[in-house]
Amino acid sequence: MTKNGEVMNVNMLTVQDLRKSFGQFEAVKGVSFSVEKGESFGLLGPNGAGKSTTINMITGLYPPTAGTIQVKDIDVIKNAKQAQKWIGVVPQEIALYQEMSARENLKFWGRMYNLSGKALEKSIDEVLEIIGLTDRSKDKVETFSGGMKRRVNIGAAILHRPDMLIMDEPTVGIDPQSRNHILETVKRLNSEGMTIIYTSHYMEEVEYLCERIGIIDHGELIASGTLKELRETIGDRSRINLTLDSNATDTGKITAALEGLFLEKDLQLQDYLLTAFHKEPQSVLSEIIQRVTKTGARVSSVDIVEPNLESIFLHLTGRSLRD
Amino acid sequence: MAFWWLAWKDLLMLVRDKKALLTLVAMPLLLISILGAAFGNMFAEEDAAPIKKFTLGVVNLDDGPLSTALIEEVFQKQLSKGIKIKQFNEEDLHKKIENRSLAVGLIIESDFSSTLLAGNETKVKLLTGPDPGIKDDIVEKVIEQFADSIPIEVMARQAAQPVQADSAGADTPSTQPAQAAPTTTDHPQEQSASQHLIKETTVNAKTKIVSSFQYYAAAMGVMFLLMTVVQGVSNMILEKEQEVYKRLLLSQLTYTNYLIGKMIGLVIICLLQAAIIIVGTKYIFGVDWGASAFGIAIMTAAFVINACGLGVLAGAFVKTEKAFSVAGMFGSQILAALGGSMAPLYIFPDWVVAMTKLLPNGLALQTYLKLMTGASLVNILPAVGGAVGLGVLFFAIGLIRLSIERRGKYA
C-alpha cells in the first residue's frame with residue numbers, strides 16, 4: 001500500500017539472477033529483487049559490496065554478465081535508452097560542469113533528456129525550488145559547498161520527472177545540514193509517487209527513508225525485507241558491546257567463560273571488542289562482566305545497542321558495515 | 001538534436017576558460033609577430049647580400065655547338081665559382097622552380113645553335129621562382145654576353161668558309177650578321193644587333209613572393225590549430241574518465257550523437273580560432289592570405305576535419321587523458337617541425353616536402369602558401385579533397401576502435 005492508501009501491485013523494477021564479472025572477479029553474484037511502483041527501496045552494504053555495480057547494470061550503463069533487468073515492462077539490456085526515459089540517476093560522484101551555473105547545468109541536462117522551451121524552464125524552476133537553490137541558481141557550481149553541489153546533482157536527475165530515481169550514495173562527504181535537506185527532498189519525492197532506490201552504507205539514512213531494504217555483501221543479496229522483517233532475523237535482540245583491555249589476548253578462554261549465556265553464533269570477539277546479542281541485555285550484563293574479569297581481562301567500556309540495521313548486518317556478515 | 005547542445009556547452013566552457021583563450025588566440029598572434037620579425041631577412045630579397053653560389057637548372061633541347069659552348073664553356077668553366085649547372089628534363093625543371101628547390105632555370109630550344117649560326121634571332125626561356133633575388137639577372141647578363149660574341153663567330157666562320165656560307169645562303173640569311181659585323185668590330189660591348197639574337201622569356205613572373213609574416217602566419221596557424229585539436233581530444237578523454245560522461249550515456253544522448261556533438265564542438269572551436277588568426281594577422285600584421293578568401297576558408301575547414309580525424313584516431317588508442325596529453329604534446333610538436341611550422345619548408349629536401357603532404361598540417365601549410373602566391377580555388381581542390389578524405393578515413397578508424405572498446409565496457 002502507498003501512503004495514500006492506494007494499492008501498489010505494479011513492479012517498477014524486477015531484477016533476476018543478476019551477475020557481473022570483471023575478468024576473474026565476480027562483483028555481483030546472482031542478485032534478485034523487485035521494487036514496486038512508489039516504493040522506496042534501500043540497498044545497504046559496505047564499500048565494495050557490489051551496490052554501485054548493481055546500480056550501473058539497472059540503469060543500463062554496464063551490460064550484465066548474466067541475468068535480466070526490467071524497468072516497467074522494458075528489458076533494460078535490450079532497450080536501455082527506452083528504459084532510461086523513466087529513470088533518473090544520481091551518481092555517487094558530482095556529475096556536473098563546475099564552470100557553469102546551477103541553472104545552466106540544469107538546462108544542459110534537461111536538454112540531454114530532450115526537454116526544451118517553456119517546459120524546460122518550468123521544470124528548472126520547480127527543481128531549483130525542490131533542491132532549495134533558487135537564490136543561487138546563477139552562481140557557478142564551482143563556488144558551491146559540497147552539500148549544495150550534491151543538491152544540484154540530484155536536481156539534474158529529476159528534471160525529466162522520472163518514475164524511478166536511483167541514488168548511489170548521494171550524501172557522501174557532506175555537512176549534516178545538507179544531508180538533512182537531501183533526505184527531506186528524497187522523502188518528498190517519494191511521497192509524490194516517485195519510486196526510490198537508495199544505496200548507502202549509512203544505516204540511519206536507509207532506516208529513515210526506505211520501506212524495504214536489501215542487504216548486499218560480497219556481491220550477494222544476503223537479506224531483504226522491511227526493517228521489521230530484518231529485525232526478526234536477529235530475534236529482535238539488542239547488541240551488547242564490551243571493549244576489553246590489552247590483557248584480553250586469549251579469545252578462546254573468554255568465549256569459553258561465557259558459555260551458557262549465549263549461543264555460539266550470537267557471540268563474537270574481535271580486536272578486543274566483544275559483541276553479544278540478547279533479548280534482555282540488562283539482565284545478563286553483570287554476569288558477563290564477572291565472567292570476563294575472571295579470565296584476567298578487564299572491561300574498559302560497555303555499550304548496549306537497540307536492534308538496528310547495523311546489528312542486523314553484523315549478525316548476518318560477522319563484520320561491521322563500515323569495515 | 002542533443003548533440004548540438006553538447007557542442008554548444010563545449011563552446012561555452014571554452015569561452016569562459018581565460019587560460020585556454022590566451023593559448024588559442026593570443027599565443028599564435030604573439031608568436032607570429034616574433035617569428036615574422038625575426039626571420040624577415042631569410043625571406044627578403046638578396047640584393048644587398050653577397051651573392052652566394054647558386055644552382056642553375058638547365059634543359060638543353062639543342063644538340064648544337066653553341067648551346068654546348070654556353071653550358072660547358074661559359075657556365076661550367078668560366079663561371080664555375082658562382083654557378084653550378086644541373087641538367088633536367090623540362091617537366092622536372094618546372095617542378096623544381098615551382099617547389100622552390102631552384103631559383104632560376106634555363107630552357108634552351110632545339111634550334112638554338114642552328115638559328116644563331118644562321119644569324120637569326122632565337123629564344124631561350126628563363127624560369128624564375130617567386131623570389132630569385134638577382135640570380136635571374138646574372139643568368140640573363142651571361143646569356144646576353146654570350147650572344148654578343150655570336151656575330152664575331154659567325155663572321156669568322158663566314159671568312160673561313162665563304163663557299164659554305166654562300167651555299168647555305170638561301171637557308172641562312174647572312175644579312176643580319178653582315179650588318180652586325182662592322183658594329184661588332186667597332187663596339188663589341190654595345191652590340192645592339194646581338195640584343196635581338198637571344199630573347200629571354202620569364203616564366204612565373206606573376207607568382208608573388210611570400211614574406212616571413214605570411215609564412216609564419218600560416219605556419220603558426222596550422223600549428224596552433226593542431227594544438228587545439230590535441231587539447232580538444234584530451235578534454236574528451238578527460239570527460240570520459242569523469243562521472244559526467246556516465247551521466248551523458250544515461251541520458252537520451254546516444255553514443256554516436258555524443259561523438260558527433262564532440263566533433264562539431266571541436267570543429268567550430270578550430271574554425272573560430274583559424275578565423276581569428278587569419279583576420280588578426282591580416283589587420284595587425286598586414287598579412288596577405290591571397291586573393292581567394294573562399295579558398296582559405298575551404299582549406300581551413302578541410303584541414304580542421306583532417307586534424308580532428310587524426311586526433312580522434314590517436315585518442316582512440318590512448319586510454320588516459322594524462323597519457324594523451326603527453327603523447328599529444330610531443331606528437332603535435334613533431335608534426336609541426338616536419339610540417340614546416342618551425343623551419344621554412346624551402347630548406348627541406350624535395351622528398352621531405354612531398355612526404356609532409358601526408359601530414360594534415362604539412363598539406364595545409366603548403367596549400368596556404370600556394371594561395372598566398374596567387375593560386376586559385378581550382379588549384380587547391382586536390383589538396384582540399386585529400387585533406388577531407390584523410391580526415392574521414394582517420395575518423396572512421398577511430399570510431400570503429402572506440403565502438404569496440406565501448407562495447408566491452410558499457411552497455
# chains A, B, ... in the order shown; residues from 1 in each chain; ligands from 1
>>> interface_residues(of="chain A", to="chain B", cutoff="6 Å", atoms="only C-alpha atoms", output="number ranges by chain")
A: 61-63, 95, 112-113
>>> write_last_selection(atoms="N, CA and C atoms", output="tab-separated table (two decimals), in the first residue's frame")
chain	number	residue	atom	x	y	z
A	61	LEU	N	23.93	1.13	-17.82
A	61	LEU	CA	25.28	1.59	-18.13
A	61	LEU	C	26.22	0.42	-18.39
A	62	TYR	N	26.19	-0.59	-17.50
A	62	TYR	CA	27.05	-1.76	-17.70
A	62	TYR	C	26.20	-2.91	-18.22
A	63	PRO	N	26.72	-3.68	-19.15
A	63	PRO	CA	25.99	-4.89	-19.56
A	63	PRO	C	26.22	-5.99	-18.53
A	95	ALA	N	28.39	14.83	-10.88
A	95	ALA	CA	28.46	14.77	-12.35
A	95	ALA	C	27.88	16.05	-12.92
A	112	MET	N	19.55	17.21	-22.52
A	112	MET	CA	20.03	15.84	-22.79
A	112	MET	C	18.88	14.83	-22.66
A	113	TYR	N	17.80	15.28	-22.00
A	113	TYR	CA	16.60	14.43	-21.91
A	113	TYR	C	15.51	14.96	-22.86
>>> select_by_dssp(residues="range 80-315 of chain A", states="strand (DSSP E)", output="PyMOL selection string")
chain A and resi 87-90+164-168+195-200+212-217+220-226+238-244+267-270+273-278+299-305
>>> atom_distance(atom1="CA of Ser234 in chain B", atom2="CA of Val392 in chain B")
19.6 Å
>>> atom_distance(atom1="CA of His181 in chain A", atom2="CA of Met203 in chain A")
17.2 Å
>>> atom_distance(atom1="CA of Pro170 in chain A", atom2="CA of Asn308 in chain A")
21.5 Å
>>> residues_around(residues="Ile269 in chain B", least_positions_apart="4", cutoff="12 Å", atoms="only C-alpha atoms", output="ChimeraX atom specification")
/B:7-15,20-21,24-25,224-229,231-232,262-265,273-276,301,304-305,308
>>> residues_around(residues="range 314-326 of chain B", least_positions_apart="6", cutoff="9 Å", atoms="only C-alpha atoms", output="PyMOL selection string")
chain B and resi 230-231+233-241+394+397-402+405
>>> residues_around(residues="Ile296 in chain B", least_positions_apart="4", cutoff="8 Å", atoms="only C-alpha atoms", output="list in words")
Trp289, Ser292, Thr300, Tyr368 and Leu371 of chain B
>>> closest_residue(among="A:Gly147, A:Gly225, A:Pro162, A:Gly155", to="Ser178 in chain A", atoms="only C-alpha atoms")
A:Gly147
>>> select_by_dssp(residues="range 194-307 of chain A", states="alpha helix (DSSP H)", output="ChimeraX atom specification")
/A:203-209,227-233,251-257,281-294
>>> write_last_selection(atoms="N, CA and C atoms", output="mmCIF file, in the first residue's frame")
data_model
loop_
_atom_site.group_PDB
_atom_site.id
_atom_site.type_symbol
_atom_site.label_atom_id
_atom_site.label_comp_id
_atom_site.auth_asym_id
_atom_site.auth_seq_id
_atom_site.Cartn_x
_atom_site.Cartn_y
_atom_site.Cartn_z
ATOM 1 N N MET A 203 23.410 3.439 7.679
ATOM 2 C CA MET A 203 22.178 2.717 8.030
ATOM 3 C C MET A 203 21.043 3.624 8.437
ATOM 4 N N GLU A 204 21.391 4.699 9.152
ATOM 5 C CA GLU A 204 20.334 5.576 9.643
ATOM 6 C C GLU A 204 19.568 6.219 8.483
ATOM 7 N N GLU A 205 20.268 6.498 7.384
ATOM 8 C CA GLU A 205 19.603 7.078 6.209
ATOM 9 C C GLU A 205 18.632 6.069 5.598
ATOM 10 N N VAL A 206 19.123 4.855 5.446
ATOM 11 C CA VAL A 206 18.286 3.810 4.846
ATOM 12 C C VAL A 206 17.091 3.511 5.755
ATOM 13 N N GLU A 207 17.351 3.473 7.062
ATOM 14 C CA GLU A 207 16.263 3.232 8.023
ATOM 15 C C GLU A 207 15.203 4.321 7.920
ATOM 16 N N TYR A 208 15.685 5.564 7.763
ATOM 17 C CA TYR A 208 14.788 6.707 7.737
ATOM 18 C C TYR A 208 13.973 6.766 6.449
ATOM 19 N N LEU A 209 14.634 6.437 5.325
ATOM 20 C CA LEU A 209 13.991 6.647 4.022
ATOM 21 C C LEU A 209 13.236 5.446 3.471
ATOM 22 N N LEU A 227 12.212 -3.285 7.517
ATOM 23 C CA LEU A 227 13.087 -3.199 8.684
ATOM 24 C C LEU A 227 12.622 -4.178 9.762
ATOM 25 N N LYS A 228 11.286 -4.279 9.918
ATOM 26 C CA LYS A 228 10.724 -5.184 10.931
ATOM 27 C C LYS A 228 11.102 -6.644 10.625
ATOM 28 N N GLU A 229 10.969 -6.972 9.341
ATOM 29 C CA GLU A 229 11.310 -8.354 8.940
ATOM 30 C C GLU A 229 12.788 -8.653 9.175
ATOM 31 N N LEU A 230 13.610 -7.672 8.889
ATOM 32 C CA LEU A 230 15.049 -7.880 9.072
ATOM 33 C C LEU A 230 15.410 -7.989 10.551
ATOM 34 N N ARG A 231 14.706 -7.193 11.366
ATOM 35 C CA ARG A 231 14.953 -7.264 12.811
ATOM 36 C C ARG A 231 14.676 -8.661 13.341
ATOM 37 N N GLU A 232 13.668 -9.271 12.757
ATOM 38 C CA GLU A 232 13.293 -10.608 13.217
ATOM 39 C C GLU A 232 14.395 -11.639 12.950
ATOM 40 N N THR A 233 15.283 -11.332 11.968
ATOM 41 C CA THR A 233 16.374 -12.283 11.696
ATOM 42 C C THR A 233 17.335 -12.362 12.877
ATOM 43 N N THR A 251 41.354 -15.311 23.372
ATOM 44 C CA THR A 251 39.938 -15.199 22.980
ATOM 45 C C THR A 251 39.182 -16.491 23.281
ATOM 46 N N GLY A 252 39.856 -17.629 23.127
ATOM 47 C CA GLY A 252 39.220 -18.928 23.397
ATOM 48 C C GLY A 252 38.790 -19.029 24.854
ATOM 49 N N LYS A 253 39.642 -18.539 25.766
ATOM 50 C CA LYS A 253 39.350 -18.596 27.206
ATOM 51 C C LYS A 253 38.136 -17.723 27.545
ATOM 52 N N ILE A 254 38.067 -16.558 26.902
ATOM 53 C CA ILE A 254 36.958 -15.627 27.193
ATOM 54 C C ILE A 254 35.631 -16.190 26.674
ATOM 55 N N THR A 255 35.645 -16.681 25.421
ATOM 56 C CA THR A 255 34.384 -17.220 24.882
ATOM 57 C C THR A 255 33.945 -18.458 25.660
ATOM 58 N N ALA A 256 34.916 -19.237 26.141
ATOM 59 C CA ALA A 256 34.585 -20.426 26.945
ATOM 60 C C ALA A 256 33.941 -20.010 28.269
ATOM 61 N N ALA A 257 34.445 -18.886 28.828
ATOM 62 C CA ALA A 257 33.919 -18.396 30.110
ATOM 63 C C ALA A 257 32.458 -17.952 29.981
ATOM 64 N N PRO A 281 19.360 -7.488 27.581
ATOM 65 C CA PRO A 281 20.787 -7.262 27.860
ATOM 66 C C PRO A 281 21.096 -6.860 29.302
ATOM 67 N N GLN A 282 20.170 -6.091 29.942
ATOM 68 C CA GLN A 282 20.423 -5.617 31.320
ATOM 69 C C GLN A 282 20.565 -6.772 32.292
ATOM 70 N N SER A 283 19.774 -7.854 32.047
ATOM 71 C CA SER A 283 19.748 -8.975 32.997
ATOM 72 C C SER A 283 21.036 -9.793 32.977
ATOM 73 N N VAL A 284 21.769 -9.757 31.841
ATOM 74 C CA VAL A 284 22.977 -10.589 31.775
ATOM 75 C C VAL A 284 24.265 -9.785 31.841
ATOM 76 N N LEU A 285 24.149 -8.462 31.879
ATOM 77 C CA LEU A 285 25.336 -7.628 31.759
ATOM 78 C C LEU A 285 26.342 -7.845 32.888
ATOM 79 N N SER A 286 25.836 -7.861 34.159
ATOM 80 C CA SER A 286 26.770 -8.009 35.277
ATOM 81 C C SER A 286 27.435 -9.392 35.240
ATOM 82 N N GLU A 287 26.683 -10.404 34.849
ATOM 83 C CA GLU A 287 27.216 -11.760 34.769
ATOM 84 C C GLU A 287 28.353 -11.818 33.725
ATOM 85 N N ILE A 288 28.139 -11.144 32.582
ATOM 86 C CA ILE A 288 29.170 -11.142 31.516
ATOM 87 C C ILE A 288 30.455 -10.513 32.059
ATOM 88 N N ILE A 289 30.288 -9.358 32.703
ATOM 89 C CA ILE A 289 31.473 -8.623 33.186
ATOM 90 C C ILE A 289 32.257 -9.474 34.188
ATOM 91 N N GLN A 290 31.502 -10.157 35.108
ATOM 92 C CA GLN A 290 32.144 -11.006 36.133
ATOM 93 C C GLN A 290 32.966 -12.117 35.476
ATOM 94 N N ARG A 291 32.315 -12.778 34.521
ATOM 95 C CA ARG A 291 32.995 -13.918 33.882
ATOM 96 C C ARG A 291 34.224 -13.487 33.076
ATOM 97 N N VAL A 292 34.108 -12.344 32.383
ATOM 98 C CA VAL A 292 35.252 -11.857 31.593
ATOM 99 C C VAL A 292 36.399 -11.468 32.518
ATOM 100 N N THR A 293 36.061 -10.805 33.636
ATOM 101 C CA THR A 293 37.082 -10.342 34.576
ATOM 102 C C THR A 293 37.860 -11.536 35.137
ATOM 103 N N LYS A 294 37.131 -12.638 35.382
ATOM 104 C CA LYS A 294 37.788 -13.830 35.932
ATOM 105 C C LYS A 294 38.866 -14.404 34.993
#
>>> residues_around(residues="range 67-73 of chain A", least_positions_apart="5", cutoff="6 Å", atoms="only C-alpha atoms", output="PyMOL selection string")
chain A and resi 12-18
